[in-house]
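Printed here is input_8.pdb (PDB, C-alpha atoms and all ligand atoms):
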```pdb
ATOM      1  CA  MET A1002       1.580 -16.131  16.352
ATOM      2  CA  ALA A1003       2.016 -12.379  16.634
ATOM      3  CA  TYR A1004       3.016 -10.241  13.658
ATOM      4  CA  THR A1005       6.436  -8.616  13.773
ATOM      5  CA  ALA A1006       7.219  -5.251  12.197
ATOM      6  CA  LYS A1007       9.668  -5.623   9.322
ATOM      7  CA  ASP A1008      12.774  -3.490   8.981
ATOM      8  CA  TYR A1009      12.724  -1.138   6.006
ATOM      9  CA  ASN A1010      15.869   0.843   6.793
ATOM     10  CA  ASN A1011      17.189  -0.214   3.379
ATOM     11  CA  LEU A1012      14.942   2.557   1.989
ATOM     12  CA  ILE A1013      16.882   5.286   3.807
ATOM     13  CA  GLY A1014      18.756   7.403   1.286
ATOM     14  CA  MET A1015      16.241   6.933  -1.525
ATOM     15  CA  GLU A1016      16.237   9.929  -3.858
ATOM     16  CA  GLY A1017      13.277  12.211  -3.173
ATOM     17  CA  PHE A1018      12.498  10.792   0.292
ATOM     18  CA  SER A1019      14.032  12.422   3.371
ATOM     19  CA  ASP A1020      15.203  10.345   6.334
ATOM     20  CA  THR A1021      12.713  12.181   8.550
ATOM     21  CA  LEU A1022       9.787  11.333   6.314
ATOM     22  CA  LEU A1023      10.771   7.682   6.027
ATOM     23  CA  LYS A1024      11.451   7.259   9.736
ATOM     24  CA  ASN A1025       8.089   8.777  10.607
ATOM     25  CA  HIS A1026       6.448   6.466   8.111
ATOM     26  CA  PHE A1027       8.184   3.405   9.605
ATOM     27  CA  THR A1028       6.959   4.402  13.077
ATOM     28  CA  LEU A1029       3.421   4.758  11.783
ATOM     29  CA  TYR A1030       3.645   1.321  10.148
ATOM     30  CA  GLN A1031       4.949  -0.212  13.398
ATOM     31  CA  GLY A1032       1.820   1.166  15.096
ATOM     32  CA  TYR A1033      -0.354  -0.821  12.688
ATOM     33  CA  VAL A1034       1.555  -4.013  13.491
ATOM     34  CA  THR A1035       1.211  -3.418  17.238
ATOM     35  CA  ASN A1036      -2.480  -2.676  16.903
ATOM     36  CA  THR A1037      -3.158  -5.658  14.639
ATOM     37  CA  ASN A1038      -1.680  -7.897  17.333
ATOM     38  CA  LYS A1039      -3.639  -6.118  20.067
ATOM     39  CA  VAL A1040      -6.964  -6.384  18.233
ATOM     40  CA  LEU A1041      -6.411 -10.072  17.422
ATOM     41  CA  ASP A1042      -5.444 -10.853  21.032
ATOM     42  CA  THR A1043      -8.393  -8.973  22.484
ATOM     43  CA  LEU A1044     -10.846 -10.606  20.070
ATOM     44  CA  SER A1045      -9.483 -14.002  20.978
ATOM     45  CA  GLU A1046      -9.816 -13.261  24.705
ATOM     46  CA  MET A1047     -13.361 -11.961  24.215
ATOM     47  CA  ALA A1048     -14.336 -15.071  22.237
ATOM     48  CA  LYS A1049     -12.975 -17.298  25.006
ATOM     49  CA  GLY A1050     -14.844 -15.185  27.563
ATOM     50  CA  GLY A1051     -18.212 -15.665  25.837
ATOM     51  CA  LYS A1052     -18.438 -12.085  24.512
ATOM     52  CA  ILE A1053     -18.933 -12.817  20.811
ATOM     53  CA  GLY A1054     -22.457 -11.404  20.760
ATOM     54  CA  THR A1055     -21.521  -8.048  22.308
ATOM     55  CA  SER A1056     -21.330  -4.703  20.528
ATOM     56  CA  GLU A1057     -17.756  -4.286  21.833
ATOM     57  CA  TYR A1058     -16.744  -7.484  20.042
ATOM     58  CA  ALA A1059     -18.505  -6.355  16.848
ATOM     59  CA  GLU A1060     -16.815  -2.938  16.847
ATOM     60  CA  LEU A1061     -13.395  -4.443  17.445
ATOM     61  CA  LYS A1062     -14.041  -6.991  14.706
ATOM     62  CA  ARG A1063     -14.790  -4.090  12.328
ATOM     63  CA  ARG A1064     -11.557  -2.415  13.401
ATOM     64  CA  LEU A1065      -9.445  -5.423  12.432
ATOM     65  CA  GLY A1066      -9.731  -4.622   8.704
ATOM     66  CA  TRP A1067      -8.317  -1.151   9.311
ATOM     67  CA  GLU A1068      -5.364  -2.293  11.411
ATOM     68  CA  PHE A1069      -4.508  -5.407   9.395
ATOM     69  CA  ASN A1070      -4.709  -3.730   5.997
ATOM     70  CA  GLY A1071      -2.813  -0.723   7.356
ATOM     71  CA  MET A1072      -0.033  -3.128   8.298
ATOM     72  CA  ARG A1073      -0.032  -5.195   5.127
ATOM     73  CA  LEU A1074      -0.459  -2.333   2.618
ATOM     74  CA  HIS A1075       2.494  -0.493   4.155
ATOM     75  CA  GLU A1076       4.590  -3.655   3.773
ATOM     76  CA  PHE A1077       3.627  -3.922   0.100
ATOM     77  CA  TYR A1078       4.328  -0.198  -0.374
ATOM     78  CA  PHE A1079       7.784  -0.263   1.238
ATOM     79  CA  GLU A1080       8.631  -3.500  -0.591
ATOM     80  CA  ASN A1081       7.859  -1.993  -4.000
ATOM     81  CA  LEU A1082      10.364   0.818  -3.369
ATOM     82  CA  ALA A1083      14.157   1.295  -3.554
ATOM     83  CA  GLY A1084      14.345  -0.015  -7.099
ATOM     84  CA  LYS A1085      16.661   1.168  -9.816
ATOM     85  CA  GLY A1086      15.623   1.629 -13.385
ATOM     86  CA  ALA A1087      12.478   1.543 -15.460
ATOM     87  CA  LEU A1088      10.098  -1.304 -16.125
ATOM     88  CA  SER A1089      11.187  -3.659 -18.876
ATOM     89  CA  LYS A1090       8.488  -3.026 -21.460
ATOM     90  CA  PRO A1091       8.939  -6.375 -23.260
ATOM     91  CA  GLY A1092       8.693  -8.194 -19.880
ATOM     92  CA  LYS A1093       5.651  -9.974 -18.468
ATOM     93  CA  LEU A1094       4.184  -6.934 -16.691
ATOM     94  CA  GLY A1095       5.158  -4.418 -19.367
ATOM     95  CA  LYS A1096       3.409  -6.465 -22.032
ATOM     96  CA  LYS A1097       0.299  -6.943 -19.912
ATOM     97  CA  LEU A1098       0.056  -3.229 -19.082
ATOM     98  CA  ALA A1099       0.294  -2.348 -22.783
ATOM     99  CA  GLU A1100      -2.311  -4.975 -23.621
ATOM    100  CA  GLU A1101      -4.781  -3.748 -20.987
ATOM    101  CA  PHE A1102      -4.246   0.009 -21.247
ATOM    102  CA  GLY A1103      -3.124   0.456 -24.851
ATOM    103  CA  SER A1104       0.421   1.403 -23.806
ATOM    104  CA  TYR A1105       2.623   1.591 -20.725
ATOM    105  CA  GLU A1106       2.313   5.380 -20.887
ATOM    106  CA  ASN A1107      -1.494   5.199 -20.796
ATOM    107  CA  TRP A1108      -1.324   2.971 -17.732
ATOM    108  CA  GLU A1109       1.164   5.295 -15.994
ATOM    109  CA  ALA A1110      -0.997   8.370 -16.683
ATOM    110  CA  ASP A1111      -4.045   6.565 -15.289
ATOM    111  CA  PHE A1112      -2.241   5.263 -12.197
ATOM    112  CA  LYS A1113      -0.774   8.711 -11.468
ATOM    113  CA  GLY A1114      -4.234  10.197 -11.961
ATOM    114  CA  VAL A1115      -5.680   7.791  -9.410
ATOM    115  CA  GLY A1116      -2.893   8.694  -6.981
ATOM    116  CA  ALA A1117      -3.602  12.393  -7.466
ATOM    117  CA  MET A1118      -7.309  12.099  -6.671
ATOM    118  CA  ARG A1119      -8.507  14.412  -3.936
ATOM    119  CA  GLY A1120      -8.659  12.751  -0.554
ATOM    120  CA  ILE A1121      -6.424  10.463   1.426
ATOM    121  CA  GLY A1122      -5.947   6.841   0.490
ATOM    122  CA  TRP A1123      -4.036   4.472  -1.729
ATOM    123  CA  ALA A1124      -3.608   3.909  -5.450
ATOM    124  CA  ILE A1125      -3.226   0.212  -6.166
ATOM    125  CA  LEU A1126      -2.623  -1.682  -9.379
ATOM    126  CA  TYR A1127      -4.554  -4.906  -8.975
ATOM    127  CA  GLN A1128      -4.474  -8.055 -11.042
ATOM    128  CA  ASP A1129      -7.676 -10.064 -11.159
ATOM    129  CA  PRO A1130      -6.431 -13.651 -11.311
ATOM    130  CA  ALA A1131      -9.850 -14.865 -12.500
ATOM    131  CA  SER A1132      -9.659 -12.873 -15.741
ATOM    132  CA  GLY A1133      -6.049 -11.667 -15.796
ATOM    133  CA  LYS A1134      -7.370  -8.102 -15.984
ATOM    134  CA  LEU A1135      -5.342  -5.247 -14.484
ATOM    135  CA  ILE A1136      -7.205  -2.527 -12.594
ATOM    136  CA  ASN A1137      -5.962   0.786 -11.170
ATOM    137  CA  GLN A1138      -7.974   1.066  -7.996
ATOM    138  CA  TRP A1139      -8.546   3.897  -5.530
ATOM    139  CA  ILE A1140      -8.728   2.777  -1.911
ATOM    140  CA  ASN A1141     -10.165   5.421   0.344
ATOM    141  CA  GLU A1142      -9.577   3.765   3.685
ATOM    142  CA  HIS A1143      -7.531   0.617   4.214
ATOM    143  CA  ASP A1144     -10.538  -1.503   5.095
ATOM    144  CA  VAL A1145     -12.856  -0.736   2.174
ATOM    145  CA  GLY A1146     -12.889  -0.885  -1.601
ATOM    146  CA  HIS A1147     -10.503  -3.779  -2.274
ATOM    147  CA  PRO A1148     -11.681  -5.865  -5.244
ATOM    148  CA  ALA A1149     -12.275  -9.345  -3.817
ATOM    149  CA  GLY A1150      -9.788 -12.011  -4.817
ATOM    150  CA  CYS A1151      -7.524  -9.567  -6.660
ATOM    151  CA  ASN A1152      -3.811  -9.476  -6.243
ATOM    152  CA  PRO A1153      -2.150  -6.130  -5.365
ATOM    153  CA  LEU A1154       0.870  -5.553  -7.617
ATOM    154  CA  LEU A1155       1.885  -1.921  -7.076
ATOM    155  CA  ILE A1156       0.921   0.088  -4.014
ATOM    156  CA  LEU A1157       1.196   3.862  -3.679
ATOM    157  CA  ASP A1158       0.436   5.478  -0.322
ATOM    158  CA  VAL A1159      -1.196   8.883  -0.756
ATOM    159  CA  PHE A1160      -2.085   9.563   2.833
ATOM    160  CA  GLU A1161      -0.618  12.958   3.732
ATOM    161  CA  HIS A1162       1.964  11.451   6.108
ATOM    162  CA  ALA A1163       3.521   9.742   3.069
ATOM    163  CA  PHE A1164       4.602  13.031   1.462
ATOM    164  CA  MET A1165       3.736  16.256   3.330
ATOM    165  CA  ILE A1166       6.993  16.438   5.324
ATOM    166  CA  ASP A1167       8.933  16.608   2.047
ATOM    167  CA  TYR A1168       6.457  17.962  -0.471
ATOM    168  CA  GLY A1169       3.782  19.928   1.370
ATOM    169  CA  LEU A1170       0.717  19.911  -0.845
ATOM    170  CA  LYS A1171       2.680  19.026  -4.001
ATOM    171  CA  ARG A1172       1.407  15.500  -4.292
ATOM    172  CA  ALA A1173       2.299  15.211  -7.986
ATOM    173  CA  ASP A1174       5.988  15.821  -7.131
ATOM    174  CA  TYR A1175       5.839  13.028  -4.531
ATOM    175  CA  ILE A1176       4.234  10.679  -7.054
ATOM    176  CA  ALA A1177       7.001  11.532  -9.549
ATOM    177  CA  ALA A1178       9.617  10.686  -6.863
ATOM    178  CA  PHE A1179       7.759   7.451  -6.086
ATOM    179  CA  PHE A1180       7.909   6.466  -9.760
ATOM    180  CA  LYS A1181      11.688   7.023  -9.830
ATOM    181  CA  ASN A1182      12.075   4.498  -7.022
ATOM    182  CA  ILE A1183       9.671   1.700  -7.971
ATOM    183  CA  LYS A1184      11.209  -1.728  -7.604
ATOM    184  CA  TRP A1185       9.693  -3.199 -10.752
ATOM    185  CA  GLU A1186      11.080  -6.679 -10.164
ATOM    186  CA  ALA A1187       9.089  -6.828  -6.901
ATOM    187  CA  VAL A1188       5.937  -5.624  -8.668
ATOM    188  CA  GLU A1189       6.342  -8.126 -11.492
ATOM    189  CA  GLY A1190       7.117 -10.870  -8.969
ATOM    190  CA  ARG A1191       3.641 -10.403  -7.467
ATOM    191  CA  MET A1192       1.927 -11.338 -10.736
ATOM    192  CA  LYS A1193       0.174 -14.677 -10.757
TER     193      LYS A1193
HETATM  194 FE    FE A1201       1.370   5.368   5.145
END
```
If you convert what's in this file into C-alpha cells, what do you get?
Amino acid sequence: MAYTAKDYNNLIGMEGFSDTLLKNHFTLYQGYVTNTNKVLDTLSEMAKGGKIGTSEYAELKRRLGWEFNGMRLHEFYFENLAGKGALSKPGKLGKKLAEEFGSYENWEADFKGVGAMRGIGWAILYQDPASGKLINQWINEHDVGHPAGCNPLLILDVFEHAFMIDYGLKRADYIAAFFKNIKWEAVEGRMK
C-alpha cells in the first residue's frame, strides 16, 4: 500500500513560523512521500524482474533510508508542533528528563545545543526502551546515525529549509520559536 502525505495545515498560524516557510516545508515533505513510494515500487519491480544482484538495485536500496526517514521524521516533527504551554515537570516525561539530565533545564540546554551544532540535520530526543535511558542525538542525514531500537520522542528539523526563510542564519531564534510551539502531550505520548 502506498504512503499518503498527511495534512499539516493545522500548523499554519503558529507563532514564529510564517505561512510561506510552513507551506514550503509541507511541499518538501510531500516530495519525500512521493519518492518513498517511487523507490519502493521500483525496487519491487526490479526484484520481480530478476535484478536484485545489480548495482542499480543496490543504489536504490541505499536510497530508501533517505527517502523513508525524510518522510517519517518530517511527520514526527510536524506532529510535535502546534502545542500550547510548557511541559508538566511532575509528569512522566518531565520526571524522566530531570532524572537523566539532572534537571529539565539541563536537558533543554543540551537539546538546544545539539540543535545549534554546525551542519544540517536533526536534533532528536530518543528513548532507549531497553534501558529507559534518554539520549539527545544529532542526526546528520536522515539515513544515518539513528540509535537502533530507540524511540524518537522529540524531533527538531535543523536543515536550512526549516528556518532560513524566516530567520536567515539565526538558528538559535528558530530553535527558541520551536520550543514555544512544542506539543508536549504528543512527545510524552511517544514514551514507552
Ligand atoms: Fe525539513
Chain and number of each residue from the PyMOL selection byres (((not hetatm)) within 12 of (chain A and resi 1201)), as a PDB file with C-alpha atoms, in the coordinates of the input:
```pdb
ATOM      1  CA  LEU A1022       9.787  11.333   6.314  1.00  0.00           C
ATOM      2  CA  LEU A1023      10.771   7.682   6.027  1.00  0.00           C
ATOM      3  CA  LYS A1024      11.451   7.259   9.736  1.00  0.00           C
ATOM      4  CA  ASN A1025       8.089   8.777  10.607  1.00  0.00           C
ATOM      5  CA  HIS A1026       6.448   6.466   8.111  1.00  0.00           C
ATOM      6  CA  PHE A1027       8.184   3.405   9.605  1.00  0.00           C
ATOM      7  CA  THR A1028       6.959   4.402  13.077  1.00  0.00           C
ATOM      8  CA  LEU A1029       3.421   4.758  11.783  1.00  0.00           C
ATOM      9  CA  TYR A1030       3.645   1.321  10.148  1.00  0.00           C
ATOM     10  CA  GLN A1031       4.949  -0.212  13.398  1.00  0.00           C
ATOM     11  CA  GLY A1032       1.820   1.166  15.096  1.00  0.00           C
ATOM     12  CA  TYR A1033      -0.354  -0.821  12.688  1.00  0.00           C
ATOM     13  CA  GLU A1068      -5.364  -2.293  11.411  1.00  0.00           C
ATOM     14  CA  ASN A1070      -4.709  -3.730   5.997  1.00  0.00           C
ATOM     15  CA  GLY A1071      -2.813  -0.723   7.356  1.00  0.00           C
ATOM     16  CA  MET A1072      -0.033  -3.128   8.298  1.00  0.00           C
ATOM     17  CA  ARG A1073      -0.032  -5.195   5.127  1.00  0.00           C
ATOM     18  CA  LEU A1074      -0.459  -2.333   2.618  1.00  0.00           C
ATOM     19  CA  HIS A1075       2.494  -0.493   4.155  1.00  0.00           C
ATOM     20  CA  GLU A1076       4.590  -3.655   3.773  1.00  0.00           C
ATOM     21  CA  PHE A1077       3.627  -3.922   0.100  1.00  0.00           C
ATOM     22  CA  TYR A1078       4.328  -0.198  -0.374  1.00  0.00           C
ATOM     23  CA  PHE A1079       7.784  -0.263   1.238  1.00  0.00           C
ATOM     24  CA  ILE A1121      -6.424  10.463   1.426  1.00  0.00           C
ATOM     25  CA  GLY A1122      -5.947   6.841   0.490  1.00  0.00           C
ATOM     26  CA  TRP A1123      -4.036   4.472  -1.729  1.00  0.00           C
ATOM     27  CA  ALA A1124      -3.608   3.909  -5.450  1.00  0.00           C
ATOM     28  CA  GLU A1142      -9.577   3.765   3.685  1.00  0.00           C
ATOM     29  CA  HIS A1143      -7.531   0.617   4.214  1.00  0.00           C
ATOM     30  CA  ILE A1156       0.921   0.088  -4.014  1.00  0.00           C
ATOM     31  CA  LEU A1157       1.196   3.862  -3.679  1.00  0.00           C
ATOM     32  CA  ASP A1158       0.436   5.478  -0.322  1.00  0.00           C
ATOM     33  CA  VAL A1159      -1.196   8.883  -0.756  1.00  0.00           C
ATOM     34  CA  PHE A1160      -2.085   9.563   2.833  1.00  0.00           C
ATOM     35  CA  GLU A1161      -0.618  12.958   3.732  1.00  0.00           C
ATOM     36  CA  HIS A1162       1.964  11.451   6.108  1.00  0.00           C
ATOM     37  CA  ALA A1163       3.521   9.742   3.069  1.00  0.00           C
ATOM     38  CA  PHE A1164       4.602  13.031   1.462  1.00  0.00           C
ATOM     39  CA  MET A1165       3.736  16.256   3.330  1.00  0.00           C
TER      40      MET A1165
END
```
TODO: One decimal, Å: what's the distance from atom CA of Ala1178 of chain A over to atom CA of Asn1010 of chain A, could you say?
DONE: 18.0 Å
Open item on the list: Starting from the PyMOL selection byres (((chain A and resi 1176) around 9) and not hetatm), expand the selection into actual residues of this file and give them as a ChimeraX atom specification.
Closed with: /A:1113,1116-1117,1157,1159,1164,1172-1175,1177-1181
Give me the residues near segment 1044-1048 of chain A as an mmCIF file with C-alpha atoms, keeping the file's coordinate frame, where near means some atom within 9 Å (using all atoms listed in the file) and where sequence neighbours in that chain fewer than 6 positions away do not count.
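So the final result, stored in part-v5.cif, reads:
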```cif
data_model
loop_
_atom_site.group_PDB
_atom_site.id
_atom_site.type_symbol
_atom_site.label_atom_id
_atom_site.label_comp_id
_atom_site.auth_asym_id
_atom_site.auth_seq_id
_atom_site.Cartn_x
_atom_site.Cartn_y
_atom_site.Cartn_z
ATOM 1 C CA TYR A 1058 -16.744 -7.484 20.042
ATOM 2 C CA LEU A 1061 -13.395 -4.443 17.445
ATOM 3 C CA LYS A 1062 -14.041 -6.991 14.706
#
```
TODO: Using only C-alpha atoms, find the one residue out of A:Met1192, A:Asp1167, A:Gly1120, A:Asn1152 that sits nearest to Ser1019 of chain A.
DONE: A:Asp1167
- [ ] Taking the file as shown, find all residues satisfying the PyMOL selection byres (((chain A and resi 1133) around 10) and not hetatm) and write them as a PyMOL selection string.
- [x] chain A and resi 1097+1101+1127-1132+1134-1136+1151+1192-1193
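Pairwise distance (atom CA of Arg1063 of chain A, atom CA of Thr1037 of chain A) equals 12.0 Å.
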Task: Selected residue, from A:Asn1011, A:Thr1055, A:Thr1035, A:Asn1081, that lies nearest to Ile1183 of chain A when counting only C-alpha atoms - done: A:Asn1081
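Using only C-alpha atoms, the shortest contact distance between Leu1012 of chain A and any of A:Gly1051, A:Gly1084, A:Gly1095, A:Gly1150 is found at A:Gly1084.
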Open item on the list: So that I can see what lies close to Ala1059 of chain A, please list as a PyMOL selection string the residues with an atom at most 12 Å from it, counting only C-alpha atoms and leaving out residues fewer than 5 positions away in the same chain.
Closed with: chain A and resi 1040+1043-1044+1047-1048+1052-1054+1064-1065
Task: Neighbour list for Lys1096 of chain A as a PyMOL selection string, cut-off 12 Å, only C-alpha atoms, skip fewer than 6 positions in-chain - done: chain A and resi 1088-1090+1102-1106+1108+1135+1189
Take the residues just selected and output them with C-alpha atoms as a PDB file, keeping the file's coordinate frame.
```pdb
ATOM      1  CA  LEU A1088      10.098  -1.304 -16.125  1.00  0.00           C
ATOM      2  CA  SER A1089      11.187  -3.659 -18.876  1.00  0.00           C
ATOM      3  CA  LYS A1090       8.488  -3.026 -21.460  1.00  0.00           C
ATOM      4  CA  PHE A1102      -4.246   0.009 -21.247  1.00  0.00           C
ATOM      5  CA  GLY A1103      -3.124   0.456 -24.851  1.00  0.00           C
ATOM      6  CA  SER A1104       0.421   1.403 -23.806  1.00  0.00           C
ATOM      7  CA  TYR A1105       2.623   1.591 -20.725  1.00  0.00           C
ATOM      8  CA  GLU A1106       2.313   5.380 -20.887  1.00  0.00           C
ATOM      9  CA  TRP A1108      -1.324   2.971 -17.732  1.00  0.00           C
ATOM     10  CA  LEU A1135      -5.342  -5.247 -14.484  1.00  0.00           C
ATOM     11  CA  GLU A1189       6.342  -8.126 -11.492  1.00  0.00           C
TER      12      GLU A1189
END
```
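In terms of minimum interatomic distance to Asp1111 of chain A, A:Gln1138 ranks closest within A:Val1188, A:Gly1050, A:Lys1093, A:Gln1138, counting only C-alpha atoms.
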TODO: Find the distance between atom CA of Trp1185 of chain A and atom CA of Ile1125 of chain A and write it in Å to one decimal.
DONE: 14.1 Å
TODO: For each of A:Phe1069, A:Leu1041, A:Thr1005, A:Gly1014, take the minimum atom-to-atom distance to Val1145 of chain A, counting all atoms listed in the file, then give the residue where this is smallest.
DONE: A:Phe1069
- [ ] Pick out the closest residue to Glu1109 of chain A from this set: A:Glu1080, A:Arg1191, A:Asp1042, A:Leu1155. Count only C-alpha atoms.
- [x] A:Leu1155
